[in-house]
Amino acid sequence: MVTAREAVAAVVDPEIRVLTIDELGILRSVEEDPATGRVVVTITPTYTGCPAMDVIRADIRRALAAAGHPDAEVRTVHHPAWSTDWISDSGRAKLAGAGIAPPAPVRPRGVVPLTLSVRCPRCGSPETEQLSRFGSTACKALWRCRSCSEPFDHLKAL
Amino acid sequence: MNGPFEFTLRLGDDALIAAQRLAEWTTRAPEMEEDIALANIALDQLGAARLLLTYAGELEGAGRDEDALAFLRDDREFRNCLLVELPNGDFAVTMAKLLFLSAYQLPLYTALAGGADERLVAIGAKARKESAYHLDHASLWVRRLGDGTEESHRRMQAAVDEIWPYTAELFAPDPGAPVDPSTLRPEFERVVTEVLAEATLTWPESGWAPAGGRDGLHTEHLSYLLAEMQVLHRAHPGARW
């Protein structure tokens, strides 16, 4: 028997499919009422306009139904605001394995300055440059490695 | 109308109209990376607009949700500042608009995050992180164009001269609001002064200060923008997918 928590934690992020929503840090809680079996899941968006939220909500309900929890509600909270610091260590390793440079720790003053070196997820070289501050999804920037010439995605520190 | 509703509506309308204008660049930006950047910034603005308009609807208590507020109001009922409804112009004008808007939104959202209203605290804390990226992006371009070639400098200065008068409206005093906009002016000027100086640009000394957006008195540009934004919802009321 898969618990409600396990079923929800295994849902993958629709835009970064190597990560689960638990590893991405957007899953806040899974609460099951032992009397009624009703499950309430609380999630938080990475970015306010993240267009994947509807898909994530649907995927959570589908995973719960498949695990024997048809009565489910998915709530969205915005406080406290998601931070890339909430991405788990296993999540960071999976990002790097998929060719996406994981984010640096967020500085207390907010956005990390441009000058911080991002290591190439393919060859490990710190000789990289930003091509565009905004990438294929709201949470990523586009970078290029000057050593191996490969472009790569970088999850922006937020 | 009560104070917090009016205040939240203004912020939501600023973000919504800014999103709609920025989205006009999609498939038209000078290069692929910039196309994606502008679309992402538009998406951030839309995300903030949805949260703010949803909350405004709850504060009003008349049963209007985010869609009713976005799609079923006419221009005179919109409370956005004139700055965001102005046409995109050339790329320099778009960057001047984005610089001034984000240099206003960043301290505004930061102040909200430290305020007393729990919902606005959550929205401010979330949106300010995104605003910091918008400000950074606009600053980079304004510096690059201002301190670039003779032609890019000329056009960037022209853009600043054209857009600057519209910034006055952003800081009209409103002592009863959750954040009095006039208190944001020093931080706005500090940031903008720094960026313009590095870009070898100046702001005009003219005292012309168009306003009226907060009272629903808009430029002729807003109606055209709304016509495009609202046409589908008005043709098919309540349509969902």
# chains A, B, ... in the order shown; residues from 1 in each chain; ligands from 1
$ select_by_dssp --residues "region 25-66 of chain A" --states "helix (DSSP H, G or I)" --output "PyMOL selection string"
chain A and resi 53-66
$ interface_residues --of "chain A" --to "chain B" --cutoff "10 Å" --atoms "only C-alpha atoms" --output "JSON, numbers by chain"
{"A": [45, 46, 47, 48, 49, 50, 51, 77, 78, 79, 80, 81, 82, 83, 110, 111, 112, 113, 114, 131, 132, 133, 134, 135, 136, 137, 138, 139, 141, 142, 157, 158]}
$ residues_around --residues "region 55-66 of chain A" --least-positions-apart "4" --cutoff "10 Å" --atoms "only C-alpha atoms" --output "PyMOL selection string"
chain A and resi 2-15+21+39+41-43+45+51+70-76
$ atom_distance --atom1 "CA of Arg76 (chain B)" --atom2 "CA of Ala18 (chain B)"
17.2 Å
$ residues_around --residues "Leu226 (chain B)" --least-positions-apart "6" --cutoff "9 Å" --atoms "only C-alpha atoms" --output "list in words"
Ile17, Phe71, Asp74 and Asp75 of chain B
$ atom_distance --atom1 "CA of Gly115 (chain B)" --atom2 "CA of Val179 (chain B)"
7.9 Å
$ select_by_dssp --residues "region 37-70 of chain A" --states "strand (DSSP E)" --output "PyMOL selection string"
chain A and resi 39-43
$ closest_residue --among "A:Cys123, A:Met1, A:Val40, A:Ile87" --to "Leu24 (chain A)" --atoms "only C-alpha atoms"
A:Ile87
$ closest_residue --among "B:Leu101, B:Leu72, B:Ser139, B:Pro178" --to "Ala116 (chain B)" --atoms "only C-alpha atoms"
B:Pro178
$ atom_distance --atom1 "CA of Ile100 (chain A)" --atom2 "CA of Val18 (chain A)"
10.2 Å
$ residues_around --residues "Leu11 (chain B)" --least-positions-apart "5" --cutoff "10 Å" --atoms "only C-alpha atoms" --output "list in words"
Glu6, Leu16, Ala48, Ala49, Leu52, Leu53, Ala56, Arg79, Asn80, Cys81, Gln105, Leu108 and Tyr109 of chain B
$ write_last_selection --atoms "C-alpha atoms" --output "compact mmCIF listing (two decimals), in the first residue's frame"
# COMPACT_ATOMS: atom_id res chain seq x y z
CA GLU B 6 -8.62 50.42 -4.33
CA LEU B 16 -1.96 43.14 -15.77
CA ALA B 48 1.36 38.93 -9.78
CA ALA B 49 -1.74 40.40 -11.45
CA LEU B 52 -3.57 40.84 -6.70
CA LEU B 53 -6.84 40.89 -8.66
CA ALA B 56 -8.94 42.71 -4.71
CA ARG B 79 -6.79 52.00 -12.10
CA ASN B 80 -3.38 51.30 -13.65
CA CYS B 81 -0.82 54.07 -14.04
CA GLN B 105 7.58 47.78 -8.13
CA LEU B 108 6.72 48.64 -3.40
CA TYR B 109 6.59 44.84 -3.13
$ decode --residues "region 4-104 of chain A" --atoms "C-alpha atoms" --output "PDB file, in the first residue's frame"
ATOM      1  CA  ALA A   4      -0.814   9.356   0.248  1.00  0.00           C
ATOM      2  CA  ARG A   5       2.426  11.127   1.095  1.00  0.00           C
ATOM      3  CA  GLU A   6       4.511   8.666  -0.961  1.00  0.00           C
ATOM      4  CA  ALA A   7       2.148   8.885  -3.923  1.00  0.00           C
ATOM      5  CA  VAL A   8       2.255  12.692  -4.005  1.00  0.00           C
ATOM      6  CA  ALA A   9       5.995  12.920  -3.333  1.00  0.00           C
ATOM      7  CA  ALA A  10       6.650  10.763  -6.421  1.00  0.00           C
ATOM      8  CA  VAL A  11       4.874  13.178  -8.818  1.00  0.00           C
ATOM      9  CA  VAL A  12       7.411  14.656 -11.223  1.00  0.00           C
ATOM     10  CA  ASP A  13       7.622  18.298 -12.166  1.00  0.00           C
ATOM     11  CA  PRO A  14       6.112  18.627 -15.674  1.00  0.00           C
ATOM     12  CA  GLU A  15       8.783  21.066 -16.889  1.00  0.00           C
ATOM     13  CA  ILE A  16      11.852  19.498 -15.255  1.00  0.00           C
ATOM     14  CA  ARG A  17      10.913  15.869 -15.528  1.00  0.00           C
ATOM     15  CA  VAL A  18      13.956  14.489 -13.704  1.00  0.00           C
ATOM     16  CA  LEU A  19      12.781  16.009 -10.417  1.00  0.00           C
ATOM     17  CA  THR A  20       9.862  15.141  -8.177  1.00  0.00           C
ATOM     18  CA  ILE A  21       7.803  18.000  -6.761  1.00  0.00           C
ATOM     19  CA  ASP A  22       9.105  16.953  -3.347  1.00  0.00           C
ATOM     20  CA  GLU A  23      12.742  17.334  -4.436  1.00  0.00           C
ATOM     21  CA  LEU A  24      11.927  20.668  -6.078  1.00  0.00           C
ATOM     22  CA  GLY A  25      10.616  21.854  -2.708  1.00  0.00           C
ATOM     23  CA  ILE A  26       7.166  22.933  -3.882  1.00  0.00           C
ATOM     24  CA  LEU A  27       5.314  20.228  -1.905  1.00  0.00           C
ATOM     25  CA  ARG A  28       4.496  21.745   1.471  1.00  0.00           C
ATOM     26  CA  SER A  29       2.299  19.125   3.133  1.00  0.00           C
ATOM     27  CA  VAL A  30       0.132  16.044   2.647  1.00  0.00           C
ATOM     28  CA  GLU A  31      -2.526  15.501   5.287  1.00  0.00           C
ATOM     29  CA  GLU A  32      -4.865  12.562   5.402  1.00  0.00           C
ATOM     30  CA  ASP A  33      -7.975  12.481   7.562  1.00  0.00           C
ATOM     31  CA  PRO A  34      -7.887   8.970   9.096  1.00  0.00           C
ATOM     32  CA  ALA A  35     -11.657   8.942   9.571  1.00  0.00           C
ATOM     33  CA  THR A  36     -12.777   9.954   6.066  1.00  0.00           C
ATOM     34  CA  GLY A  37      -9.668   9.151   4.017  1.00  0.00           C
ATOM     35  CA  ARG A  38      -9.784  12.659   2.538  1.00  0.00           C
ATOM     36  CA  VAL A  39      -6.361  13.973   1.530  1.00  0.00           C
ATOM     37  CA  VAL A  40      -5.407  17.643   1.526  1.00  0.00           C
ATOM     38  CA  VAL A  41      -2.209  18.488  -0.367  1.00  0.00           C
ATOM     39  CA  THR A  42      -0.587  21.906  -0.097  1.00  0.00           C
ATOM     40  CA  ILE A  43       1.818  23.145  -2.783  1.00  0.00           C
ATOM     41  CA  THR A  44       3.515  26.455  -3.576  1.00  0.00           C
ATOM     42  CA  PRO A  45       4.533  27.813  -7.000  1.00  0.00           C
ATOM     43  CA  THR A  46       8.144  28.459  -7.968  1.00  0.00           C
ATOM     44  CA  TYR A  47       7.141  31.643  -9.822  1.00  0.00           C
ATOM     45  CA  THR A  48       3.818  33.467  -9.451  1.00  0.00           C
ATOM     46  CA  GLY A  49       3.018  33.001 -13.121  1.00  0.00           C
ATOM     47  CA  CYS A  50       4.222  29.402 -13.352  1.00  0.00           C
ATOM     48  CA  PRO A  51       2.007  27.894 -16.080  1.00  0.00           C
ATOM     49  CA  ALA A  52       2.688  24.330 -14.875  1.00  0.00           C
ATOM     50  CA  MET A  53       0.595  24.640 -11.710  1.00  0.00           C
ATOM     51  CA  ASP A  54      -2.621  23.337 -13.285  1.00  0.00           C
ATOM     52  CA  VAL A  55      -0.802  20.296 -14.643  1.00  0.00           C
ATOM     53  CA  ILE A  56       0.844  19.668 -11.273  1.00  0.00           C
ATOM     54  CA  ARG A  57      -2.517  19.825  -9.499  1.00  0.00           C
ATOM     55  CA  ALA A  58      -4.023  17.371 -11.979  1.00  0.00           C
ATOM     56  CA  ASP A  59      -1.006  15.031 -11.695  1.00  0.00           C
ATOM     57  CA  ILE A  60      -1.293  15.020  -7.897  1.00  0.00           C
ATOM     58  CA  ARG A  61      -4.983  14.116  -8.018  1.00  0.00           C
ATOM     59  CA  ARG A  62      -4.289  11.392 -10.575  1.00  0.00           C
ATOM     60  CA  ALA A  63      -1.448   9.917  -8.480  1.00  0.00           C
ATOM     61  CA  LEU A  64      -3.637   9.904  -5.372  1.00  0.00           C
ATOM     62  CA  ALA A  65      -6.536   8.274  -7.179  1.00  0.00           C
ATOM     63  CA  ALA A  66      -4.216   5.566  -8.523  1.00  0.00           C
ATOM     64  CA  ALA A  67      -2.925   4.956  -4.991  1.00  0.00           C
ATOM     65  CA  GLY A  68      -6.449   4.524  -3.636  1.00  0.00           C
ATOM     66  CA  HIS A  69      -7.136   8.063  -2.435  1.00  0.00           C
ATOM     67  CA  PRO A  70      -9.877   9.392  -4.708  1.00  0.00           C
ATOM     68  CA  ASP A  71     -11.040  12.102  -2.299  1.00  0.00           C
ATOM     69  CA  ALA A  72      -8.328  14.755  -2.610  1.00  0.00           C
ATOM     70  CA  GLU A  73      -7.997  18.491  -2.536  1.00  0.00           C
ATOM     71  CA  VAL A  74      -4.953  20.457  -3.694  1.00  0.00           C
ATOM     72  CA  ARG A  75      -4.392  23.844  -2.080  1.00  0.00           C
ATOM     73  CA  THR A  76      -1.920  26.502  -3.201  1.00  0.00           C
ATOM     74  CA  VAL A  77      -0.111  28.769  -0.751  1.00  0.00           C
ATOM     75  CA  HIS A  78       2.281  31.629  -1.527  1.00  0.00           C
ATOM     76  CA  HIS A  79       3.731  32.225   1.900  1.00  0.00           C
ATOM     77  CA  PRO A  80       6.484  31.660   2.746  1.00  0.00           C
ATOM     78  CA  ALA A  81       7.726  32.239  -0.793  1.00  0.00           C
ATOM     79  CA  TRP A  82       9.512  29.347  -2.499  1.00  0.00           C
ATOM     80  CA  SER A  83      13.262  29.594  -2.691  1.00  0.00           C
ATOM     81  CA  THR A  84      15.742  27.546  -4.690  1.00  0.00           C
ATOM     82  CA  ASP A  85      17.298  26.760  -1.282  1.00  0.00           C
ATOM     83  CA  TRP A  86      14.372  24.360  -0.828  1.00  0.00           C
ATOM     84  CA  ILE A  87      15.614  22.084  -3.606  1.00  0.00           C
ATOM     85  CA  SER A  88      16.908  18.925  -1.905  1.00  0.00           C
ATOM     86  CA  ASP A  89      20.438  17.591  -2.274  1.00  0.00           C
ATOM     87  CA  SER A  90      19.160  14.639  -4.289  1.00  0.00           C
ATOM     88  CA  GLY A  91      17.260  17.138  -6.458  1.00  0.00           C
ATOM     89  CA  ARG A  92      20.436  19.143  -7.092  1.00  0.00           C
ATOM     90  CA  ALA A  93      22.312  15.993  -8.045  1.00  0.00           C
ATOM     91  CA  LYS A  94      19.552  14.981 -10.454  1.00  0.00           C
ATOM     92  CA  LEU A  95      19.529  18.456 -12.040  1.00  0.00           C
ATOM     93  CA  ALA A  96      23.272  18.308 -12.649  1.00  0.00           C
ATOM     94  CA  GLY A  97      22.894  14.771 -14.025  1.00  0.00           C
ATOM     95  CA  ALA A  98      20.330  16.034 -16.514  1.00  0.00           C
ATOM     96  CA  GLY A  99      22.612  18.831 -17.735  1.00  0.00           C
ATOM     97  CA  ILE A 100      20.933  21.614 -15.755  1.00  0.00           C
ATOM     98  CA  ALA A 101      23.325  23.571 -13.545  1.00  0.00           C
ATOM     99  CA  PRO A 102      21.816  23.728 -10.051  1.00  0.00           C
ATOM    100  CA  PRO A 103      21.359  27.120  -8.348  1.00  0.00           C
ATOM    101  CA  ALA A 104      23.849  28.616  -5.927  1.00  0.00           C
TER     102      ALA A 104
END
